[in-house]
file work-v6.cif (mmCIF, C-alpha atoms)
data_start
#
loop_
_atom_site.group_PDB
_atom_site.id
_atom_site.type_symbol
_atom_site.label_atom_id
_atom_site.label_comp_id
_atom_site.auth_asym_id
_atom_site.auth_seq_id
_atom_site.Cartn_x
_atom_site.Cartn_y
_atom_site.Cartn_z
ATOM 1 C CA MET A 1 -17.495 5.135 -65.801
ATOM 2 C CA PHE A 2 -15.437 7.193 -63.377
ATOM 3 C CA GLY A 3 -16.364 6.383 -59.806
ATOM 4 C CA GLY A 4 -15.168 7.860 -56.578
ATOM 5 C CA SER A 5 -15.868 9.767 -53.427
ATOM 6 C CA PHE A 6 -14.983 13.078 -55.082
ATOM 7 C CA ASN A 7 -14.209 14.466 -51.645
ATOM 8 C CA PRO A 8 -13.735 17.084 -52.858
ATOM 9 C CA ALA A 9 -14.029 17.059 -56.638
ATOM 10 C CA HIS A 10 -11.084 18.930 -58.163
ATOM 11 C CA SER A 11 -9.195 19.739 -61.355
ATOM 12 C CA GLY A 12 -7.295 16.423 -61.168
ATOM 13 C CA HIS A 13 -10.593 14.564 -61.546
ATOM 14 C CA LEU A 14 -11.475 16.747 -64.505
ATOM 15 C CA TYR A 15 -8.054 16.063 -66.046
ATOM 16 C CA VAL A 16 -8.531 12.288 -65.728
ATOM 17 C CA ALA A 17 -12.014 12.433 -67.272
ATOM 18 C CA LEU A 18 -11.072 14.706 -70.169
ATOM 19 C CA THR A 19 -7.875 12.777 -70.911
ATOM 20 C CA ALA A 20 -9.802 9.502 -71.183
ATOM 21 C CA LEU A 21 -12.616 11.124 -73.155
ATOM 22 C CA ARG A 22 -10.184 12.396 -75.769
ATOM 23 C CA ARG A 23 -7.618 9.587 -75.883
ATOM 24 C CA LEU A 24 -10.078 6.703 -75.857
ATOM 25 C CA LYS A 25 -12.636 8.411 -78.102
ATOM 26 C CA LEU A 26 -15.362 7.937 -75.508
ATOM 27 C CA ASP A 27 -18.869 9.214 -76.086
ATOM 28 C CA TYR A 28 -19.329 10.186 -72.434
ATOM 29 C CA VAL A 29 -17.710 9.881 -69.033
ATOM 30 C CA TRP A 30 -20.143 9.180 -66.220
ATOM 31 C CA TRP A 31 -18.909 10.470 -62.875
ATOM 32 C CA LEU A 32 -20.390 8.043 -60.341
ATOM 33 C CA VAL A 33 -20.321 9.893 -57.043
ATOM 34 C CA SER A 34 -20.217 7.172 -54.418
ATOM 35 C CA PRO A 35 -22.504 7.418 -51.392
ATOM 36 C CA GLY A 36 -19.693 5.813 -49.404
ATOM 37 C CA ASN A 37 -16.380 4.112 -50.036
ATOM 38 C CA PRO A 38 -16.150 0.748 -48.225
ATOM 39 C CA LEU A 39 -12.372 1.185 -47.957
ATOM 40 C CA LYS A 40 -12.610 4.541 -46.189
ATOM 41 C CA ASN A 41 -13.861 5.619 -42.806
ATOM 42 C CA ALA A 42 -17.542 6.589 -43.136
ATOM 43 C CA SER A 43 -17.057 9.660 -40.937
ATOM 44 C CA SER A 44 -14.481 11.073 -43.364
ATOM 45 C CA ALA A 45 -16.657 10.598 -46.468
ATOM 46 C CA GLY A 46 -18.208 14.040 -46.306
ATOM 47 C CA ASP A 47 -21.777 14.997 -47.052
ATOM 48 C CA PHE A 48 -23.038 13.311 -50.219
ATOM 49 C CA ALA A 49 -25.107 16.317 -51.392
ATOM 50 C CA ARG A 50 -22.092 18.615 -51.016
ATOM 51 C CA ARG A 51 -19.764 16.199 -52.868
ATOM 52 C CA PHE A 52 -22.317 15.680 -55.628
ATOM 53 C CA ALA A 53 -22.851 19.435 -56.107
ATOM 54 C CA ALA A 54 -19.085 20.050 -56.162
ATOM 55 C CA ALA A 55 -18.603 17.329 -58.784
ATOM 56 C CA LYS A 56 -21.296 18.918 -60.966
ATOM 57 C CA LYS A 57 -19.573 22.282 -60.618
ATOM 58 C CA ILE A 58 -16.176 20.868 -61.705
ATOM 59 C CA ALA A 59 -17.446 18.568 -64.480
ATOM 60 C CA ARG A 60 -18.863 21.272 -66.715
ATOM 61 C CA HIS A 61 -18.527 19.676 -70.105
ATOM 62 C CA PRO A 62 -21.284 18.439 -72.409
ATOM 63 C CA ARG A 63 -19.885 14.893 -72.417
ATOM 64 C CA LEU A 64 -19.281 14.584 -68.670
ATOM 65 C CA ILE A 65 -22.308 13.378 -66.732
ATOM 66 C CA VAL A 66 -22.303 13.518 -62.946
ATOM 67 C CA SER A 67 -24.574 10.835 -61.538
ATOM 68 C CA ASP A 68 -25.870 9.542 -58.229
ATOM 69 C CA LEU A 69 -26.502 6.191 -59.892
ATOM 70 C CA GLU A 70 -24.923 4.142 -57.098
ATOM 71 C CA ARG A 71 -27.183 5.854 -54.612
ATOM 72 C CA GLN A 72 -30.217 5.151 -56.807
ATOM 73 C CA LEU A 73 -29.227 1.509 -57.333
ATOM 74 C CA GLY A 74 -28.278 1.012 -53.702
ATOM 75 C CA THR A 75 -24.965 -0.556 -54.722
ATOM 76 C CA ARG A 76 -22.087 -0.421 -52.296
ATOM 77 C CA TYR A 77 -19.339 -2.039 -54.363
ATOM 78 C CA THR A 78 -18.065 -1.076 -57.807
ATOM 79 C CA LEU A 79 -18.489 -4.613 -59.127
ATOM 80 C CA ASP A 80 -22.190 -4.565 -58.236
ATOM 81 C CA THR A 81 -22.652 -1.246 -60.037
ATOM 82 C CA VAL A 82 -20.731 -2.441 -63.099
ATOM 83 C CA GLN A 83 -22.591 -5.739 -63.325
ATOM 84 C CA THR A 84 -25.944 -3.958 -63.062
ATOM 85 C CA LEU A 85 -25.023 -1.541 -65.853
ATOM 86 C CA LEU A 86 -23.644 -4.298 -68.083
ATOM 87 C CA ARG A 87 -26.952 -6.177 -67.721
ATOM 88 C CA ARG A 88 -29.094 -3.086 -68.297
ATOM 89 C CA PHE A 89 -27.076 -1.811 -71.257
ATOM 90 C CA PRO A 90 -25.600 -4.841 -73.060
ATOM 91 C CA GLN A 91 -25.067 -2.806 -76.234
ATOM 92 C CA VAL A 92 -22.813 -0.255 -74.499
ATOM 93 C CA GLN A 93 -19.067 -0.791 -74.321
ATOM 94 C CA PHE A 94 -18.153 0.470 -70.880
ATOM 95 C CA VAL A 95 -14.688 1.201 -69.538
ATOM 96 C CA TRP A 96 -13.733 1.799 -65.891
ATOM 97 C CA LEU A 97 -11.678 4.953 -65.493
ATOM 98 C CA MET A 98 -9.333 5.741 -62.619
ATOM 99 C CA GLY A 99 -6.229 7.671 -61.743
ATOM 100 C CA SER A 100 -3.035 5.723 -61.133
ATOM 101 C CA ASP A 101 -3.304 6.626 -57.437
ATOM 102 C CA ASN A 102 -6.365 4.330 -57.266
ATOM 103 C CA LEU A 103 -4.617 1.576 -59.193
ATOM 104 C CA GLU A 104 -2.193 1.194 -56.271
ATOM 105 C CA ASN A 105 -5.063 0.033 -54.031
ATOM 106 C CA PHE A 106 -7.209 -1.664 -56.649
ATOM 107 C CA HIS A 107 -6.283 -5.092 -55.283
ATOM 108 C CA LEU A 108 -8.158 -4.152 -52.076
ATOM 109 C CA TRP A 109 -11.438 -3.629 -53.925
ATOM 110 C CA ARG A 110 -14.045 -6.339 -53.461
ATOM 111 C CA ASP A 111 -13.663 -8.969 -56.219
ATOM 112 C CA TRP A 112 -11.150 -6.794 -58.090
ATOM 113 C CA GLN A 113 -10.187 -9.625 -60.431
ATOM 114 C CA LYS A 114 -13.796 -10.169 -61.472
ATOM 115 C CA LEU A 115 -14.139 -6.416 -62.020
ATOM 116 C CA ALA A 116 -11.001 -6.362 -64.196
ATOM 117 C CA GLN A 117 -12.421 -9.245 -66.228
ATOM 118 C CA SER A 118 -15.759 -7.456 -66.691
ATOM 119 C CA LEU A 119 -14.635 -4.349 -68.574
ATOM 120 C CA PRO A 120 -11.439 -2.626 -69.706
ATOM 121 C CA LEU A 121 -9.684 -0.462 -67.116
ATOM 122 C CA ALA A 122 -8.257 2.871 -68.226
ATOM 123 C CA VAL A 123 -5.658 4.348 -65.881
ATOM 124 C CA VAL A 124 -4.552 7.963 -66.247
ATOM 125 C CA GLN A 125 -1.110 8.599 -64.752
ATOM 126 C CA ARG A 126 -1.121 10.887 -61.706
ATOM 127 C CA PRO A 127 1.854 12.470 -59.932
ATOM 128 C CA GLY A 128 3.164 10.416 -57.041
ATOM 129 C CA SER A 129 1.801 7.117 -58.330
ATOM 130 C CA ILE A 130 3.545 6.660 -61.664
ATOM 131 C CA MET A 131 5.106 3.370 -60.602
ATOM 132 C CA ALA A 132 1.658 1.893 -59.965
ATOM 133 C CA ALA A 133 1.580 1.179 -63.690
ATOM 134 C CA VAL A 134 4.480 -1.197 -63.111
ATOM 135 C CA HIS A 135 4.023 -2.594 -59.606
ATOM 136 C CA ALA A 136 0.277 -2.711 -58.884
ATOM 137 C CA ALA A 137 -1.290 -6.156 -58.448
ATOM 138 C CA PRO A 138 -3.619 -5.799 -61.469
ATOM 139 C CA ILE A 139 -0.643 -4.954 -63.697
ATOM 140 C CA ARG A 140 1.303 -7.941 -62.419
ATOM 141 C CA ARG A 141 -1.745 -10.143 -63.017
ATOM 142 C CA TYR A 142 -2.968 -8.878 -66.402
ATOM 143 C CA GLY A 143 -0.212 -6.699 -67.815
ATOM 144 C CA ALA A 144 -0.790 -3.266 -69.254
ATOM 145 C CA ARG A 145 -0.868 -1.533 -72.570
ATOM 146 C CA ARG A 146 0.393 2.021 -72.887
ATOM 147 C CA VAL A 147 -1.811 4.245 -74.970
ATOM 148 C CA ASP A 148 -0.035 6.613 -77.309
ATOM 149 C CA GLY A 149 -2.443 8.734 -79.263
ATOM 150 C CA ARG A 150 -6.028 7.566 -79.636
ATOM 151 C CA ALA A 151 -6.873 3.998 -78.721
ATOM 152 C CA THR A 152 -9.705 1.582 -79.258
ATOM 153 C CA LEU A 153 -10.967 -0.391 -76.300
ATOM 154 C CA PRO A 154 -9.805 -4.013 -76.185
ATOM 155 C CA GLN A 155 -11.754 -6.860 -74.621
ATOM 156 C CA PRO A 156 -11.199 -7.382 -70.883
ATOM 157 C CA PRO A 157 -9.150 -8.130 -69.001
ATOM 158 C CA ALA A 158 -7.260 -5.131 -70.323
ATOM 159 C CA ILE A 159 -5.522 -2.288 -68.538
ATOM 160 C CA LEU A 160 -4.785 0.791 -70.600
ATOM 161 C CA ILE A 161 -2.253 3.289 -69.256
ATOM 162 C CA LEU A 162 -2.756 6.851 -70.457
ATOM 163 C CA ASP A 163 0.228 9.083 -69.893
ATOM 164 C CA GLY A 164 0.919 12.702 -70.669
ATOM 165 C CA ALA A 165 0.967 16.014 -68.853
ATOM 166 C CA ARG A 166 -0.101 15.418 -65.268
ATOM 167 C CA ASN A 167 -2.373 17.385 -62.990
ATOM 168 C CA PRO A 168 -0.950 17.488 -59.441
ATOM 169 C CA GLU A 169 -4.195 18.311 -57.602
ATOM 170 C CA SER A 170 -5.388 15.744 -55.070
ATOM 171 C CA ALA A 171 -8.413 15.419 -52.807
ATOM 172 C CA SER A 172 -6.139 14.463 -49.884
ATOM 173 C CA ARG A 173 -4.184 17.696 -50.238
ATOM 174 C CA LEU A 174 -7.356 19.765 -50.504
ATOM 175 C CA ARG A 175 -8.836 18.140 -47.393
ATOM 176 C CA ALA A 176 -5.582 18.816 -45.519
ATOM 177 C CA LEU A 177 -5.745 22.482 -46.519
ATOM 178 C CA ALA A 178 -9.304 22.737 -45.230
#

call {"tool": "encode", "arguments": {"input": "work-v6.cif", "output": "C-alpha cells"}}
result
Amino acid sequence: MFGGSFNPAHSGHLYVALTALRRLKLDYVWWLVSPGNPLKNASSAGDFARRFAAAKKIARHPRLIVSDLERQLGTRYTLDTVQTLLRRFPQVQFVWLMGSDNLENFHLWRDWQKLAQSLPLAVVQRPGSIMAAVHAAPIRRYGARRVDGRATLPQPPAILILDGARNPESASRLRALA
C-alpha cells in the first residue's frame, strides 16, 4: 500500500513504487489516493478527481493499481484503512510504502506506533531526507533494516530502508512551479 495526496503525482512517486515492487518482490503496489490528508490544510489538497486522474496517468504499469479505496471506505486515517484491509484480507501480507520524506513526519500520524506494529514499513530513500533513516522517531523506536538486493518481508514492527539511485522530483517543487 502506497498512500498519499499525490498532489500532484510525479515520477518520484513512480520511482518509490517501482523500487519497492522490484526489491521486495511485491505482487502489486496499491496507490491509495487520499481524499484528504489530516496533517495538511484542506484548501491546499487539490481536487480529488484531478489528483486521482494524474496518479492513474503516472502509474502506468500492470502491477501498479491506483485506487480511491479510502474514499470508498470513508477512512480518514491510514491506521483505519490498514486495519480495515487487514480484516478483509487476512491472507494477504501487506506492507506500507513511503518515501523517506514522509518518514520524517511519521510520528505525527494518528496512532503511528500502532500502525508500525500492524504491518512492515518500507521506506525508499529520497533526496533531502536521507537522514530520516537515522533520526526519525520510528527508527529510534523500532530500528531499521537496510535492504540490499531483494528482501522478504519480516513481521512487524519492521522498517525496511531501500536505498539506491534517487529520483529528485517532489510534489512541493511541482506545486511551487505551478

call {"tool": "axis_aligned_box", "arguments": {"input": "work-v6.cif", "around": "segment 89-97 of chain A", "padding_each_side": "8 Å", "output": "lines of an AutoDock Vina configuration file"}}
result
center_x = -19.4
center_y = 0.1
center_z = -70.9
size_x = 31.4
size_y = 25.8
size_z = 26.7

call {"tool": "residues_around", "arguments": {"input": "work-v6.cif", "residues": "His107 of chain A", "least_positions_apart": "4", "cutoff": "8 Å", "atoms": "all atoms listed in the file", "output": "PyMOL selection string"}}
result
chain A and resi 103+112-113+136-138

call {"tool": "closest_residue", "arguments": {"input": "work-v6.cif", "among": "A:Ala9, A:Ile159, A:Val92, A:Leu119", "to": "Val66 of chain A", "atoms": "only C-alpha atoms"}}
result
A:Ala9

call {"tool": "resolve_selection", "arguments": {"input": "work-v6.cif", "expression": "the PyMOL selection byres ((chain A and resi 83) around 12)", "output": "number ranges by chain"}}
result
A: 70, 73, 75, 77-82, 84-90, 94, 96, 111, 114-119

call {"tool": "atom_distance", "arguments": {"input": "work-v6.cif", "atom1": "atom CA of Val29 of chain A", "atom2": "atom CA of Phe2 of chain A"}}
result
6.7 Å

call {"tool": "closest_residue", "arguments": {"input": "work-v6.cif", "among": "A:Ala49, A:Met1, A:Leu24, A:Leu39", "to": "Leu64 of chain A", "atoms": "all atoms listed in the file"}}
result
A:Met1

call {"tool": "atom_distance", "arguments": {"input": "work-v6.cif", "atom1": "atom CA of Ala158 of chain A", "atom2": "atom CA of Pro127 of chain A"}}
result
22.4 Å

call {"tool": "closest_residue", "arguments": {"input": "work-v6.cif", "among": "A:Leu121, A:Asn102, A:Ser5, A:Leu108", "to": "Asp68 of chain A", "atoms": "all atoms listed in the file"}}
result
A:Ser5

call {"tool": "atom_distance", "arguments": {"input": "work-v6.cif", "atom1": "atom CA of Val147 of chain A", "atom2": "atom CA of Leu26 of chain A"}}
result
14.1 Å

call {"tool": "resolve_selection", "arguments": {"input": "work-v6.cif", "expression": "the PyMOL selection byres ((chain A and resi 56) around 12)", "output": "compact mmCIF listing (two decimals) with C-alpha atoms, in the coordinates of the input"}}
result
# COMPACT_ATOMS: atom_id res chain seq x y z
CA PHE A 6 -14.98 13.08 -55.08
CA PRO A 8 -13.74 17.08 -52.86
CA ALA A 9 -14.03 17.06 -56.64
CA HIS A 10 -11.08 18.93 -58.16
CA HIS A 13 -10.59 14.56 -61.55
CA LEU A 14 -11.48 16.75 -64.50
CA TRP A 30 -20.14 9.18 -66.22
CA TRP A 31 -18.91 10.47 -62.88
CA LEU A 32 -20.39 8.04 -60.34
CA VAL A 33 -20.32 9.89 -57.04
CA ALA A 49 -25.11 16.32 -51.39
CA ARG A 50 -22.09 18.61 -51.02
CA ARG A 51 -19.76 16.20 -52.87
CA PHE A 52 -22.32 15.68 -55.63
CA ALA A 53 -22.85 19.43 -56.11
CA ALA A 54 -19.08 20.05 -56.16
CA ALA A 55 -18.60 17.33 -58.78
CA LYS A 57 -19.57 22.28 -60.62
CA ILE A 58 -16.18 20.87 -61.70
CA ALA A 59 -17.45 18.57 -64.48
CA ARG A 60 -18.86 21.27 -66.72
CA HIS A 61 -18.53 19.68 -70.10
CA PRO A 62 -21.28 18.44 -72.41
CA LEU A 64 -19.28 14.58 -68.67
CA ILE A 65 -22.31 13.38 -66.73
CA VAL A 66 -22.30 13.52 -62.95
CA SER A 67 -24.57 10.84 -61.54
CA ASP A 68 -25.87 9.54 -58.23

call {"tool": "closest_residue", "arguments": {"input": "work-v6.cif", "among": "A:Ala132, A:Ile139, A:Val95, A:Ala144", "to": "Asp27 of chain A", "atoms": "all atoms listed in the file"}}
result
A:Val95

call {"tool": "closest_residue", "arguments": {"input": "work-v6.cif", "among": "A:Arg141, A:Pro156, A:Gln93, A:Arg126", "to": "Lys25 of chain A", "atoms": "all atoms listed in the file"}}
result
A:Gln93

call {"tool": "closest_residue", "arguments": {"input": "work-v6.cif", "among": "A:Leu18, A:Gly143, A:Asp163, A:Gly36", "to": "Arg76 of chain A", "atoms": "all atoms listed in the file"}}
result
A:Gly36

call {"tool": "residues_around", "arguments": {"input": "work-v6.cif", "residues": "Asp148 of chain A", "least_positions_apart": "5", "cutoff": "12 Å", "atoms": "all atoms listed in the file", "output": "PDB file with C-alpha atoms, keeping the file's coordinate frame"}}
result
ATOM      1  CA  THR A  19      -7.875  12.777 -70.911  1.00  0.00           C
ATOM      2  CA  ALA A  20      -9.802   9.502 -71.183  1.00  0.00           C
ATOM      3  CA  ARG A  22     -10.184  12.396 -75.769  1.00  0.00           C
ATOM      4  CA  ARG A  23      -7.618   9.587 -75.883  1.00  0.00           C
ATOM      5  CA  LEU A  24     -10.078   6.703 -75.857  1.00  0.00           C
ATOM      6  CA  LEU A 160      -4.785   0.791 -70.600  1.00  0.00           C
ATOM      7  CA  ILE A 161      -2.253   3.289 -69.256  1.00  0.00           C
ATOM      8  CA  LEU A 162      -2.756   6.851 -70.457  1.00  0.00           C
ATOM      9  CA  ASP A 163       0.228   9.083 -69.893  1.00  0.00           C
ATOM     10  CA  GLY A 164       0.919  12.702 -70.669  1.00  0.00           C
TER      11      GLY A 164
END
